[in-house]
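**Q** Data file entry_27.cif (mmCIF, C-alpha atoms) is appended below.
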data_run
#
loop_
_atom_site.label_atom_id
_atom_site.label_comp_id
_atom_site.auth_asym_id
_atom_site.auth_seq_id
_atom_site.Cartn_x
_atom_site.Cartn_y
_atom_site.Cartn_z
CA MET A 184 -29.78 -21.03 77.17
CA THR A 185 -33.19 -22.20 75.90
CA LYS A 186 -33.89 -25.60 74.41
CA PHE A 187 -34.29 -23.98 71.00
CA GLU A 188 -30.90 -22.29 71.29
CA ASN A 189 -29.29 -25.57 72.39
CA THR A 190 -30.80 -27.33 69.37
CA ARG A 191 -29.66 -24.57 67.03
CA HIS A 192 -26.11 -24.70 68.39
CA TRP A 193 -26.05 -28.48 67.95
CA LEU A 194 -27.35 -28.19 64.40
CA HIS A 195 -24.81 -25.48 63.66
CA ASP A 196 -21.83 -27.43 64.97
CA ASN A 197 -22.78 -30.89 63.71
CA PHE A 198 -24.78 -30.28 60.54
CA LEU A 199 -25.24 -26.80 59.12
CA THR A 200 -21.52 -26.00 58.93
CA LYS A 201 -20.85 -29.35 57.23
CA PRO A 202 -21.77 -28.80 53.55
CA TYR A 203 -21.50 -32.47 52.59
CA ARG A 204 -23.96 -33.38 55.35
CA VAL A 205 -26.37 -30.64 54.28
CA GLN A 206 -26.25 -31.86 50.69
CA SER A 207 -26.43 -35.55 51.61
CA VAL A 208 -29.60 -35.06 53.63
CA LEU A 209 -31.16 -33.36 50.60
CA PHE A 210 -30.15 -36.23 48.33
CA LEU A 211 -31.57 -38.75 50.79
CA PHE A 212 -34.79 -36.74 50.63
CA PHE A 213 -34.76 -37.18 46.83
CA ILE A 214 -34.52 -40.94 47.32
CA ALA A 215 -37.22 -41.05 50.00
CA LYS A 216 -39.53 -38.97 47.81
CA GLY A 217 -38.86 -41.32 44.91
CA PHE A 218 -40.00 -44.31 46.97
CA PHE A 219 -43.06 -42.30 48.04
CA HIS A 220 -44.10 -42.04 44.40
CA ASP A 221 -43.35 -45.61 43.30
CA THR A 222 -42.88 -49.13 44.58
CA PRO A 223 -39.42 -50.62 45.16
CA GLN A 224 -39.99 -52.96 42.22
CA GLY A 225 -41.05 -50.07 40.00
CA ILE A 226 -38.01 -48.02 40.98
CA LEU A 227 -35.58 -50.89 40.38
CA LEU A 228 -37.09 -51.47 36.95
CA GLY A 229 -36.98 -47.74 36.25
CA LEU A 230 -33.33 -47.50 37.27
CA PHE A 231 -32.55 -50.43 34.98
CA HIS A 232 -34.19 -48.62 32.06
CA ILE A 233 -32.27 -45.44 32.93
CA VAL A 234 -28.92 -47.28 32.91
CA VAL A 235 -29.49 -49.26 29.70
CA SER A 236 -31.13 -46.49 27.63
CA PRO A 237 -29.36 -43.88 25.44
CA ASP A 238 -28.65 -40.65 27.31
CA ILE A 239 -28.05 -38.00 24.64
CA LEU A 240 -29.84 -34.66 24.74
CA VAL A 241 -32.67 -34.41 25.45
CA THR A 242 -33.60 -37.64 27.28
CA ASP A 243 -35.92 -37.04 30.21
CA TYR A 244 -35.39 -39.78 32.78
CA ILE A 245 -38.91 -39.24 34.12
CA VAL A 246 -40.16 -40.65 30.81
CA VAL A 247 -37.48 -43.34 30.60
CA GLY A 248 -37.69 -44.72 34.14
CA GLY A 249 -40.65 -43.06 35.82
CA PHE A 250 -40.89 -40.20 38.31
CA GLY A 251 -39.80 -42.23 41.32
CA ALA A 252 -36.77 -43.75 39.59
CA ALA A 253 -35.69 -40.35 38.24
CA LEU A 254 -35.70 -38.91 41.78
CA VAL A 255 -33.79 -41.90 43.14
CA ASN A 256 -31.25 -41.69 40.32
CA ALA A 257 -30.66 -38.00 41.06
CA GLY A 258 -30.27 -38.73 44.77
CA LEU A 259 -27.89 -41.63 44.17
CA SER A 260 -25.82 -39.58 41.71
CA GLY A 261 -25.51 -36.84 44.32
CA LEU A 262 -24.52 -39.26 47.09
CA VAL A 263 -21.93 -40.94 44.87
CA THR A 264 -20.45 -37.54 44.05
CA VAL A 265 -20.36 -36.52 47.73
CA ALA A 266 -18.63 -39.82 48.56
CA VAL A 267 -15.99 -39.27 45.85
CA LEU A 268 -15.38 -35.69 46.99
CA ALA A 269 -15.11 -36.75 50.62
CA LEU A 270 -12.77 -39.65 49.83
CA ALA A 271 -10.57 -37.26 47.86
CA LYS A 272 -10.57 -34.97 50.94
CA HIS A 273 -11.81 -32.07 48.86
CA GLU A 274 -12.60 -29.02 50.97
CA PRO A 275 -16.09 -27.83 49.96
CA LEU A 276 -16.44 -24.26 48.75
CA GLY A 277 -18.83 -22.40 46.47
CA LEU A 278 -17.92 -24.23 43.27
CA THR A 279 -18.47 -27.51 45.11
CA MET A 280 -22.08 -26.48 45.74
CA GLY A 281 -22.47 -25.55 42.10
CA THR A 282 -20.95 -28.86 41.01
CA LEU A 283 -23.34 -30.85 43.18
CA GLY A 284 -26.27 -28.81 41.87
CA LEU A 285 -25.28 -29.58 38.30
CA VAL A 286 -24.71 -33.27 38.97
CA VAL A 287 -28.10 -33.90 40.58
CA GLY A 288 -29.81 -31.59 38.13
CA ILE A 289 -28.46 -33.26 35.00
CA ALA A 290 -29.12 -36.64 36.65
CA PHE A 291 -32.74 -35.97 35.68
CA PHE A 292 -31.78 -36.13 32.00
CA GLY A 293 -28.61 -37.97 31.09
CA LYS A 294 -26.38 -38.78 34.07
CA ASN A 295 -26.41 -41.83 36.28
CA PRO A 296 -23.76 -43.36 38.55
CA PHE A 297 -22.91 -45.95 35.89
CA ASN A 298 -22.00 -43.57 33.06
CA MET A 299 -20.35 -41.03 35.38
CA MET A 300 -17.69 -43.27 36.93
CA PRO A 301 -15.33 -43.84 33.96
CA ILE A 302 -14.92 -40.07 33.54
CA ILE A 303 -14.28 -39.52 37.26
CA LEU A 304 -11.78 -42.40 37.19
CA GLY A 305 -10.05 -40.72 34.24
CA GLY A 306 -9.66 -37.62 36.39
CA PHE A 307 -8.07 -39.75 39.12
CA ILE A 308 -5.61 -41.22 36.58
CA TYR A 309 -4.77 -37.66 35.49
CA SER A 310 -3.98 -36.70 39.08
CA ARG A 311 -1.65 -39.70 39.45
CA PHE A 312 0.02 -38.92 36.11
CA MET A 313 0.60 -35.29 37.10
CA GLY A 314 1.64 -36.17 40.66
CA VAL A 315 -0.94 -33.88 42.27
CA PRO A 316 -3.57 -34.70 44.91
CA PHE A 317 -6.88 -35.81 43.41
CA LYS A 318 -8.66 -33.19 45.50
CA ASN A 319 -6.94 -30.47 43.45
CA CYS A 320 -8.42 -31.61 40.16
CA ILE A 321 -11.56 -33.49 41.14
CA LEU A 322 -14.16 -30.83 40.35
CA PRO A 323 -13.41 -30.61 36.60
CA ALA A 324 -13.50 -34.43 36.47
CA VAL A 325 -16.89 -34.52 38.20
CA LEU A 326 -18.21 -31.71 36.01
CA GLY A 327 -16.77 -33.53 33.00
CA THR A 328 -19.46 -36.16 33.48
CA CYS A 329 -21.54 -33.85 31.30
CA LEU A 330 -20.09 -36.05 28.53
CA ALA A 331 -21.46 -39.19 30.20
CA PRO A 332 -23.61 -40.10 27.15
CA VAL A 333 -20.37 -40.91 25.31
CA VAL A 334 -19.81 -43.82 27.72
CA THR A 335 -22.98 -45.63 26.69
CA GLN A 336 -23.96 -44.27 23.27
CA LEU A 337 -21.87 -46.73 21.22
CA ALA A 338 -23.85 -49.59 22.77
CA PHE A 339 -26.89 -48.38 20.80
CA VAL A 340 -25.21 -47.87 17.42
CA PRO A 341 -26.04 -50.38 14.64
CA ASN A 342 -23.26 -52.77 13.54
CA ILE A 343 -21.39 -52.40 16.87
CA PRO A 344 -22.05 -55.15 19.46
CA ALA A 345 -23.42 -53.63 22.68
CA ALA A 346 -20.66 -55.12 24.85
CA LEU A 347 -17.93 -53.82 22.55
CA GLY A 348 -19.63 -50.43 22.41
CA LEU A 349 -19.64 -50.21 26.20
CA ILE A 350 -15.97 -51.17 26.41
CA ILE A 351 -14.98 -48.54 23.83
CA GLY A 352 -17.24 -46.01 25.52
CA GLY A 353 -15.63 -46.74 28.88
CA PHE A 354 -12.16 -46.06 27.48
CA ILE A 355 -13.38 -42.85 25.85
CA GLY A 356 -14.80 -41.87 29.25
CA LEU A 357 -11.41 -42.43 30.85
CA PHE A 358 -9.82 -40.26 28.17
CA ILE A 359 -12.35 -37.47 28.75
CA GLY A 360 -11.68 -37.51 32.48
CA PHE A 361 -7.95 -37.40 31.80
CA VAL A 362 -7.98 -34.39 29.47
CA ILE A 363 -10.83 -32.31 30.89
CA ASN A 364 -8.63 -30.54 33.47
CA PRO A 365 -6.11 -29.01 31.05
CA VAL A 366 -8.74 -28.27 28.40
CA ALA A 367 -11.02 -26.54 30.92
CA ALA A 368 -8.11 -24.49 32.27
CA ALA A 369 -7.29 -23.30 28.75
CA MET A 370 -10.90 -22.51 27.87
CA ARG A 371 -11.39 -20.34 30.94
CA LYS A 372 -8.94 -17.87 29.44
CA ALA A 373 -11.12 -17.56 26.35
CA HIS A 374 -14.10 -16.12 28.24
CA GLU A 375 -12.13 -14.64 31.18
CA GLY A 376 -14.29 -16.44 33.75
CA TYR A 377 -17.56 -14.80 32.73
CA ASN A 378 -19.13 -18.19 31.91
CA LEU A 379 -19.75 -20.05 35.17
CA TYR A 380 -20.21 -23.33 33.27
CA ASN A 381 -16.64 -23.34 32.03
CA VAL A 382 -16.33 -27.14 31.96
CA GLY A 383 -19.48 -27.25 29.83
CA PHE A 384 -17.70 -25.00 27.33
CA ALA A 385 -14.63 -27.24 27.33
CA ALA A 386 -16.80 -30.35 27.10
CA GLY A 387 -18.61 -28.85 24.12
CA LEU A 388 -15.34 -28.66 22.21
CA ILE A 389 -14.35 -32.19 23.24
CA GLY A 390 -17.83 -33.45 22.35
CA LEU A 391 -17.58 -31.73 18.97
CA CYS A 392 -14.33 -33.60 18.27
CA ILE A 393 -15.73 -36.95 19.40
CA PHE A 394 -18.92 -36.48 17.38
CA ALA A 395 -16.86 -35.57 14.30
CA LEU A 396 -14.79 -38.74 14.76
CA PHE A 397 -17.97 -40.80 15.10
CA ARG A 398 -19.34 -39.36 11.86
CA ASN A 399 -16.02 -39.80 10.08
CA PHE A 400 -16.03 -43.51 10.96
CA GLY A 401 -19.61 -43.91 9.79
CA ILE A 402 -21.11 -43.98 13.29
CA ASN A 403 -24.48 -42.26 13.16
CA TYR A 404 -27.37 -42.05 15.59
CA GLU A 405 -30.53 -40.08 16.09
CA THR A 406 -30.63 -37.27 18.64
CA ALA A 407 -33.41 -37.33 21.23
CA ASN A 408 -36.26 -35.00 22.11
CA ILE A 409 -37.94 -36.71 25.07
CA TRP A 410 -39.74 -34.46 27.59
CA SER A 411 -42.19 -35.32 30.35
CA ASN A 412 -45.24 -33.20 31.19
CA ALA A 413 -47.23 -35.32 33.64
CA TYR A 414 -45.73 -34.14 36.94
CA ASN A 415 -46.09 -30.36 36.75
CA THR A 416 -47.65 -29.91 40.19
CA GLU A 417 -45.41 -32.45 41.91
CA LEU A 418 -42.22 -30.86 40.56
CA ALA A 419 -43.42 -27.35 41.43
CA ILE A 420 -43.99 -28.47 45.04
CA PHE A 421 -40.66 -30.30 45.00
CA LEU A 422 -38.90 -27.08 43.96
CA LEU A 423 -40.54 -25.14 46.80
CA MET A 424 -39.41 -27.79 49.28
CA VAL A 425 -35.79 -27.70 48.07
CA SER A 426 -35.77 -23.89 48.16
CA ALA A 427 -37.26 -23.80 51.66
CA TYR A 428 -34.67 -26.36 52.84
CA PHE A 429 -31.73 -24.18 51.77
CA ILE A 430 -33.28 -21.01 53.20
CA ALA A 431 -33.85 -22.75 56.53
CA CYS A 432 -30.28 -24.08 56.58
CA GLY A 433 -28.96 -20.60 55.86
CA LEU A 434 -31.04 -18.84 58.49
CA LEU A 435 -30.28 -21.40 61.19
CA GLY A 436 -26.65 -21.90 60.32
CA THR A 437 -25.19 -18.43 60.53
CA SER A 438 -25.05 -15.45 62.83
CA GLU A 439 -24.10 -13.13 59.97
CA ASN A 440 -26.71 -10.40 59.76
CA LEU A 441 -27.05 -9.81 56.01
CA THR A 442 -30.14 -7.97 54.81
CA LEU A 443 -32.32 -9.31 52.01
CA LEU A 444 -30.91 -6.65 49.68
CA GLU A 445 -27.35 -7.68 50.54
CA ILE A 446 -28.18 -11.32 49.80
CA ILE A 447 -29.77 -10.42 46.47
CA ASN A 448 -26.68 -8.38 45.58
CA MET A 449 -24.25 -10.96 46.96
CA ASP A 450 -20.94 -10.56 45.21
CA SER A 451 -17.35 -11.75 45.37
CA GLU A 452 -14.36 -11.07 43.15
CA ASP A 453 -13.70 -14.78 42.65
CA HIS A 454 -17.44 -15.69 42.51
CA ASP A 455 -17.13 -17.80 45.69
CA TYR A 456 -20.00 -16.66 47.90
CA TYR A 457 -19.68 -19.63 50.23
CA LYS A 458 -16.06 -18.78 51.04
CA LYS A 459 -17.08 -15.20 51.84
CA HIS A 460 -20.48 -15.67 53.50
CA ALA A 461 -20.47 -19.34 54.59
CA GLU A 462 -23.94 -20.69 55.44
CA GLN A 463 -25.60 -17.39 54.52
CA SER A 464 -25.05 -18.36 50.88
CA TYR A 465 -27.64 -21.11 51.39
CA VAL A 466 -30.26 -18.36 51.67
CA ALA A 467 -29.12 -16.97 48.32
CA MET A 468 -29.44 -20.48 46.85
CA GLY A 469 -32.96 -20.87 48.19
CA LEU A 470 -33.99 -17.43 46.91
CA LEU A 471 -32.80 -18.37 43.44
CA GLY A 472 -34.99 -21.45 43.66
CA LEU A 473 -37.98 -19.29 44.58
CA PHE A 474 -37.18 -16.94 41.69
CA CYS A 475 -37.23 -19.90 39.31
CA TRP A 476 -40.56 -21.03 40.78
CA PHE A 477 -42.09 -17.59 40.20
CA PHE A 478 -40.53 -17.45 36.73
CA MET A 479 -42.17 -20.75 35.77
CA LEU A 480 -45.46 -19.49 37.19
CA ILE A 481 -45.34 -16.20 35.29
CA VAL A 482 -44.47 -17.77 31.92
CA ASP A 483 -46.89 -20.68 32.49
CA GLY A 484 -44.08 -23.14 31.89
CA THR A 485 -44.32 -26.91 32.12
CA TYR A 486 -41.99 -28.71 34.52
CA SER A 487 -40.06 -31.74 33.28
CA GLY A 488 -36.86 -33.59 34.13
CA PRO A 489 -34.65 -31.18 32.15
CA ILE A 490 -36.42 -28.09 33.51
CA ILE A 491 -36.15 -29.14 37.17
CA GLY A 492 -32.56 -30.17 36.45
CA ALA A 493 -31.77 -26.70 35.12
CA ILE A 494 -33.32 -25.12 38.20
CA LEU A 495 -31.31 -27.33 40.56
CA SER A 496 -28.14 -26.21 38.78
CA VAL A 497 -29.22 -22.57 39.19
CA ILE A 498 -29.74 -23.19 42.91
CA GLY A 499 -26.34 -24.87 43.28
CA PHE A 500 -24.50 -21.98 41.66
CA GLY A 501 -26.24 -19.59 44.03
CA ALA A 502 -23.14 -20.21 46.14
CA PHE A 503 -20.79 -19.46 43.25
CA GLY A 504 -21.35 -16.51 40.95
CA LYS A 505 -25.14 -16.48 40.59
CA GLY A 506 -27.05 -13.88 42.54
CA LEU A 507 -30.55 -12.65 41.84
CA ALA A 508 -29.31 -9.22 40.80
CA GLY A 509 -27.04 -10.77 38.17
CA ALA A 510 -29.37 -13.53 37.01
CA ILE A 511 -32.62 -11.63 36.39
CA PRO A 512 -31.37 -9.41 33.51
CA VAL A 513 -29.86 -12.40 31.70
CA VAL A 514 -33.08 -14.41 31.98
CA ALA A 515 -35.02 -11.35 30.79
CA GLY A 516 -32.78 -11.08 27.74
CA ALA A 517 -33.26 -14.76 26.95
CA MET A 518 -37.03 -14.45 27.16
CA ILE A 519 -36.98 -11.37 24.90
CA ALA A 520 -35.19 -13.54 22.34
CA ALA A 521 -37.85 -16.23 22.80
CA ILE A 522 -40.63 -13.69 22.25
CA VAL A 523 -38.94 -12.34 19.11
CA ASN A 524 -38.61 -15.91 17.87
CA TYR A 525 -42.33 -16.46 18.50
CA THR A 526 -43.29 -13.46 16.38
CA ILE A 527 -41.28 -14.91 13.48
CA THR A 528 -41.72 -18.69 13.76
CA GLY A 529 -44.82 -19.09 15.91
CA ILE A 530 -42.98 -21.32 18.40
CA PRO A 531 -44.34 -20.43 21.88
CA ALA A 532 -41.95 -18.39 24.00
CA ASN A 533 -42.64 -20.74 26.92
CA SER A 534 -41.70 -23.88 25.01
CA SER A 535 -39.48 -26.24 26.98
CA ASN A 536 -36.39 -25.67 24.83
CA PHE A 537 -36.59 -21.91 25.30
CA LEU A 538 -37.23 -22.14 29.05
CA LEU A 539 -34.32 -24.55 29.46
CA ALA A 540 -31.98 -22.14 27.69
CA ALA A 541 -33.33 -19.17 29.68
CA LEU A 542 -32.74 -20.91 33.01
CA PHE A 543 -29.26 -22.05 32.08
CA SER A 544 -28.42 -18.60 30.68
CA THR A 545 -27.81 -17.56 34.29
CA CYS A 546 -24.31 -18.97 33.78
CA LEU A 547 -23.60 -15.51 32.35
CA SER A 548 -24.63 -13.66 35.52
CA PRO A 549 -21.07 -12.33 36.08
CA LEU A 550 -21.44 -10.26 32.90
CA THR A 551 -24.33 -8.38 34.50
CA ARG A 552 -22.42 -7.81 37.73
CA ARG A 553 -19.35 -6.51 35.90
CA PHE A 554 -20.81 -4.51 33.00
CA GLY A 555 -24.39 -3.69 33.98
CA VAL A 556 -27.99 -4.67 33.32
CA LYS A 557 -28.08 -3.77 29.61
CA TRP A 558 -25.17 -6.08 28.84
CA GLY A 559 -26.75 -8.82 30.94
CA ILE A 560 -29.92 -8.55 28.85
CA ALA A 561 -27.89 -8.60 25.63
CA ALA A 562 -25.96 -11.67 26.82
CA GLY A 563 -29.20 -13.53 27.61
CA PHE A 564 -30.58 -12.67 24.16
CA VAL A 565 -27.49 -14.01 22.39
CA HIS A 566 -27.25 -17.05 24.67
CA LEU A 567 -30.74 -18.34 23.94
CA SER A 568 -30.15 -17.98 20.20
CA LEU A 569 -26.93 -19.99 20.44
CA ALA A 570 -28.08 -22.58 22.97
CA THR A 571 -31.01 -23.72 20.81
CA GLN A 572 -28.72 -24.28 17.81
CA VAL A 573 -25.23 -25.43 18.89
CA GLY A 574 -26.31 -28.91 19.98
CA ILE A 575 -25.91 -30.11 16.39
CA PHE A 576 -22.15 -29.61 16.67
CA HIS A 577 -21.69 -32.20 19.44
CA GLY A 578 -24.64 -34.41 18.49
CA GLY A 579 -26.23 -34.17 21.93
CA LEU A 580 -23.21 -35.75 23.62
CA ASN A 581 -22.56 -32.72 25.87
CA LEU A 582 -25.26 -32.50 28.54
CA TYR A 583 -23.96 -29.02 29.45
CA ASN A 584 -24.95 -27.69 26.05
CA ASN A 585 -25.74 -24.33 27.64
CA GLY A 586 -22.25 -24.19 29.11
CA PHE A 587 -20.93 -24.55 25.57
CA ALA A 588 -23.30 -21.81 24.37
CA GLY A 589 -22.42 -19.67 27.39
CA GLY A 590 -18.72 -19.81 26.58
CA LEU A 591 -19.37 -18.83 22.96
CA THR A 592 -21.66 -16.02 24.09
CA ALA A 593 -19.05 -14.59 26.45
CA MET A 594 -16.38 -14.81 23.76
CA VAL A 595 -18.61 -12.83 21.37
CA MET A 596 -19.84 -10.33 23.96
CA LEU A 597 -16.55 -9.36 25.62
CA PRO A 598 -14.93 -7.73 22.56
CA LEU A 599 -18.18 -5.90 21.79
CA ILE A 600 -18.49 -4.66 25.37
CA SER A 601 -14.86 -3.54 25.35
CA PHE A 602 -15.35 -1.70 22.04
CA PHE A 603 -18.51 0.16 23.05
CA GLU A 604 -17.35 0.95 26.57
CA GLN A 605 -14.03 2.32 25.29
CA ASN A 606 -15.78 4.52 22.74
CA LYS A 607 -18.21 5.71 25.42
CA TRP A 608 -15.24 6.67 27.60
CA ARG A 609 -13.53 8.45 24.69
CA SER A 610 -16.69 10.43 23.93
CA LYS A 611 -17.19 11.35 27.57
CA ASN A 612 -13.62 12.67 27.78
CA GLY A 613 -13.75 14.54 24.50
CA MET A 614 -11.24 12.35 22.73
CA ASP A 615 -13.20 11.86 19.51
#
In structure tokens, what does this structure look like?
**A**
Amino acid sequence: MTKFENTRHWLHDNFLTKPYRVQSVLFLFFIAKGFFHDTPQGILLGLFHIVVSPDILVTDYIVVGGFGAALVNAGLSGLVTVAVLALAKHEPLGLTMGTLGLVVGIAFFGKNPFNMMPIILGGFIYSRFMGVPFKNCILPAVLGTCLAPVVTQLAFVPNIPAALGLIIGGFIGLFIGFVINPVAAAMRKAHEGYNLYNVGFAAGLIGLCIFALFRNFGINYETANIWSNAYNTELAIFLLMVSAYFIACGLLGTSENLTLLEIINMDSEDHDYYKKHAEQSYVAMGLLGLFCWFFMLIVDGTYSGPIIGAILSVIGFGAFGKGLAGAIPVVAGAMIAAIVNYTITGIPANSSNFLLAALFSTCLSPLTRRFGVKWGIAAGFVHLSLATQVGIFHGGLNLYNNGFAGGLTAMVMLPLISFFEQNKWRSKNGMD
């Protein structure tokens, strides 16, 4: 056995087959890269600004705390999540990869370890109340941190002392973590699993209720529209590095001999590619990252905290439900909607809001895989139209706004698909 083979076997046994280790090394890279771009003092100050600033959509942490601090915050948020999952003895599968991708992605524009913890703790309380192991209900609690802005937002509302606002926000966070499991389970039935960001859909409804209560009690605040544009090249290179990392881990970590076409068409009845293909799913994740890089290049898009966050979530769900074959038609449909909008309003099709919605529209990839390319394109078209408008209903409190829009899109599309497909079958069989 050669030295290279010995090294590969060691990596396989001690690293590549250990998903939490693979992810943790990536998050440590985020932190190291953050310190490469800023001084320790600058990063500490930036993290302070990130923690004490409002977090509602859209608040780009690169603007709030600086590029280095935003990277460190994302890395720390990922490591905290890995630690919680490991302590709960959660066995990592495809949805775990997707969850980690979402956590570190949204940590570029709204999440930090401080505002995440009350919601995760609420999930733990729910597990104790129901008498079930925390590992069985931890993922919805972690994903429920998409409502993290609720924890801190009351500290920035006039006529409410900051300390009191934080205390109330903390208790609301506990409540969100407690109820997110049953609400998410119920909402999955509404879209039949065709929206991969199911917790985002559930959180949208919870956020809508909380925002309505705020308004009813006279609590008002301004939504945000903060985007960075000064690190386009750095973030493009960063994306290539993350994509290359996952491809390398996949190629070194498995002996499964899948062809490129098989990886692009990766499929599983329950969406869990990691459970079916193990480390080979890392290659699919990396290829999705490269697709997003080429997409941004083709549309001449500008990278920002929210955009790179969306791409990291796409990469994460490359192990759970998102394959290139399913994602491309949906993104194409979203961009068609953006182009149509441009012809009417003059808003550029490559504006950040449209690109964000197009990238997140990949949550509807299962629709393409189940019903075909034309329905994937239609779903992307509808999704972008909804995603750019529904934020007003939750006041920017739900960071998974596209998960909310994705759930609504699936609920609208499924009856239409059923109607047209049934009539097509009736016509084909001469039953009209």
**Q** Could you name the residues that touch Leu194 of chain A at 12 Å or less, counting all atoms listed in the file, but leaving out those on the same chain fewer than 2 positions away, as a PDB file with C-alpha atoms, keeping the file's coordinate frame?
**A**
ATOM      1  CA  PHE A 187     -34.290 -23.980  71.000  1.00  0.00           C
ATOM      2  CA  GLU A 188     -30.900 -22.290  71.290  1.00  0.00           C
ATOM      3  CA  ASN A 189     -29.290 -25.570  72.390  1.00  0.00           C
ATOM      4  CA  THR A 190     -30.800 -27.330  69.370  1.00  0.00           C
ATOM      5  CA  ARG A 191     -29.660 -24.570  67.030  1.00  0.00           C
ATOM      6  CA  HIS A 192     -26.110 -24.700  68.390  1.00  0.00           C
ATOM      7  CA  ASP A 196     -21.830 -27.430  64.970  1.00  0.00           C
ATOM      8  CA  ASN A 197     -22.780 -30.890  63.710  1.00  0.00           C
ATOM      9  CA  PHE A 198     -24.780 -30.280  60.540  1.00  0.00           C
ATOM     10  CA  LEU A 199     -25.240 -26.800  59.120  1.00  0.00           C
ATOM     11  CA  THR A 200     -21.520 -26.000  58.930  1.00  0.00           C
ATOM     12  CA  LYS A 201     -20.850 -29.350  57.230  1.00  0.00           C
ATOM     13  CA  ARG A 204     -23.960 -33.380  55.350  1.00  0.00           C
ATOM     14  CA  VAL A 205     -26.370 -30.640  54.280  1.00  0.00           C
ATOM     15  CA  ALA A 431     -33.850 -22.750  56.530  1.00  0.00           C
ATOM     16  CA  CYS A 432     -30.280 -24.080  56.580  1.00  0.00           C
ATOM     17  CA  GLY A 433     -28.960 -20.600  55.860  1.00  0.00           C
ATOM     18  CA  LEU A 434     -31.040 -18.840  58.490  1.00  0.00           C
ATOM     19  CA  LEU A 435     -30.280 -21.400  61.190  1.00  0.00           C
ATOM     20  CA  GLY A 436     -26.650 -21.900  60.320  1.00  0.00           C
ATOM     21  CA  THR A 437     -25.190 -18.430  60.530  1.00  0.00           C
TER      22      THR A 437
END
**Q** Would you mind listing what lies within 7 Å of Ser426 of chain A as a VMD selection string, with all atoms listed in the file counted and same-chain residues fewer than 2 positions away left out?
**A** chain A and resid 422 to 424 428 to 430 469 to 470 472 to 473
**Q** Counting all atoms listed in the file, which residues of segment 458-530 of chain A fall within 12 Å of segment 362-385 of chain A, and what is the closest atom pair for each with its distance in Å at one decimal, ordered by chain and rising number, as JSON lines?
**A**
{"residue": "A:Ser496", "atom": "CA", "partner": "A:Tyr380", "partner_atom": "CA", "distance": 10.1}
{"residue": "A:Val497", "atom": "CA", "partner": "A:Leu379", "partner_atom": "CA", "distance": 10.6}
{"residue": "A:Gly499", "atom": "CA", "partner": "A:Leu379", "partner_atom": "CA", "distance": 11.5}
{"residue": "A:Phe500", "atom": "CA", "partner": "A:Leu379", "partner_atom": "CA", "distance": 8.3}
{"residue": "A:Gly501", "atom": "CA", "partner": "A:Leu379", "partner_atom": "CA", "distance": 11.0}
{"residue": "A:Ala502", "atom": "CA", "partner": "A:Leu379", "partner_atom": "CA", "distance": 11.5}
{"residue": "A:Phe503", "atom": "CA", "partner": "A:Leu379", "partner_atom": "CA", "distance": 8.2}
{"residue": "A:Gly504", "atom": "CA", "partner": "A:Leu379", "partner_atom": "CA", "distance": 7.0}
{"residue": "A:Lys505", "atom": "CA", "partner": "A:Leu379", "partner_atom": "CA", "distance": 8.4}
{"residue": "A:Gly509", "atom": "CA", "partner": "A:Tyr377", "partner_atom": "CA", "distance": 11.6}
{"residue": "A:Ala510", "atom": "CA", "partner": "A:Leu379", "partner_atom": "CA", "distance": 11.8}
**Q** Exactly which residues make up the result of the PyMOL selection byres ((chain A and resi 386-396) around 7) on this file, given as a list in words?
**A** Gly327, Leu330, Val382, Gly383, Phe384, Ala385, Phe397, Arg398, Asn399, Phe400, Phe576, His577, Gly578, Leu580, Asn581, Asn584 and Phe587 of chain A
**Q** If the PyMOL selection byres ((chain A and resi 534) around 12) were run on this exact file, what residues would it hold? Put them as an NGL selection string.
**A** :A and (410 or 412 or 479 or 482-487 or 490 or 518 or 521-522 or 524-525 or 529-533 or 535-541 or 571)
**Q** How many Å separate atom CA of Ile308 of chain A from atom CA of Gly293 of chain A?
**A**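 Separating atom CA of Ile308 of chain A from atom CA of Gly293 of chain A is a distance of 23.9 Å.
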**Q** Mind dumping segment 401-407 of chain A from that block, keeping N, CA and C atoms, as a tab-separated table (two decimals), in the first residue's frame?
**A**
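File decode.tsv, as written:
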chain	number	residue	atom	x	y	z
A	401	GLY	N	-49.16	48.21	19.37
A	401	GLY	CA	-48.53	49.48	19.07
A	401	GLY	C	-47.02	49.43	18.93
A	402	ILE	N	-46.48	48.23	18.73
A	402	ILE	CA	-45.02	48.07	18.57
A	402	ILE	C	-44.69	48.11	17.08
A	403	ASN	N	-44.05	49.17	16.66
A	403	ASN	CA	-43.71	49.33	15.25
A	403	ASN	C	-42.20	49.52	15.09
A	404	TYR	N	-41.69	49.13	13.96
A	404	TYR	CA	-40.27	49.31	13.66
A	404	TYR	C	-40.09	49.32	12.15
A	405	GLU	N	-38.98	49.84	11.73
A	405	GLU	CA	-38.68	49.91	10.31
A	405	GLU	C	-37.98	48.63	9.86
A	406	THR	N	-38.38	48.11	8.71
A	406	THR	CA	-37.65	46.98	8.14
A	406	THR	C	-36.32	47.47	7.58
A	407	ALA	N	-35.44	46.54	7.27
A	407	ALA	CA	-34.08	46.91	6.85
A	407	ALA	C	-33.86	46.55	5.39
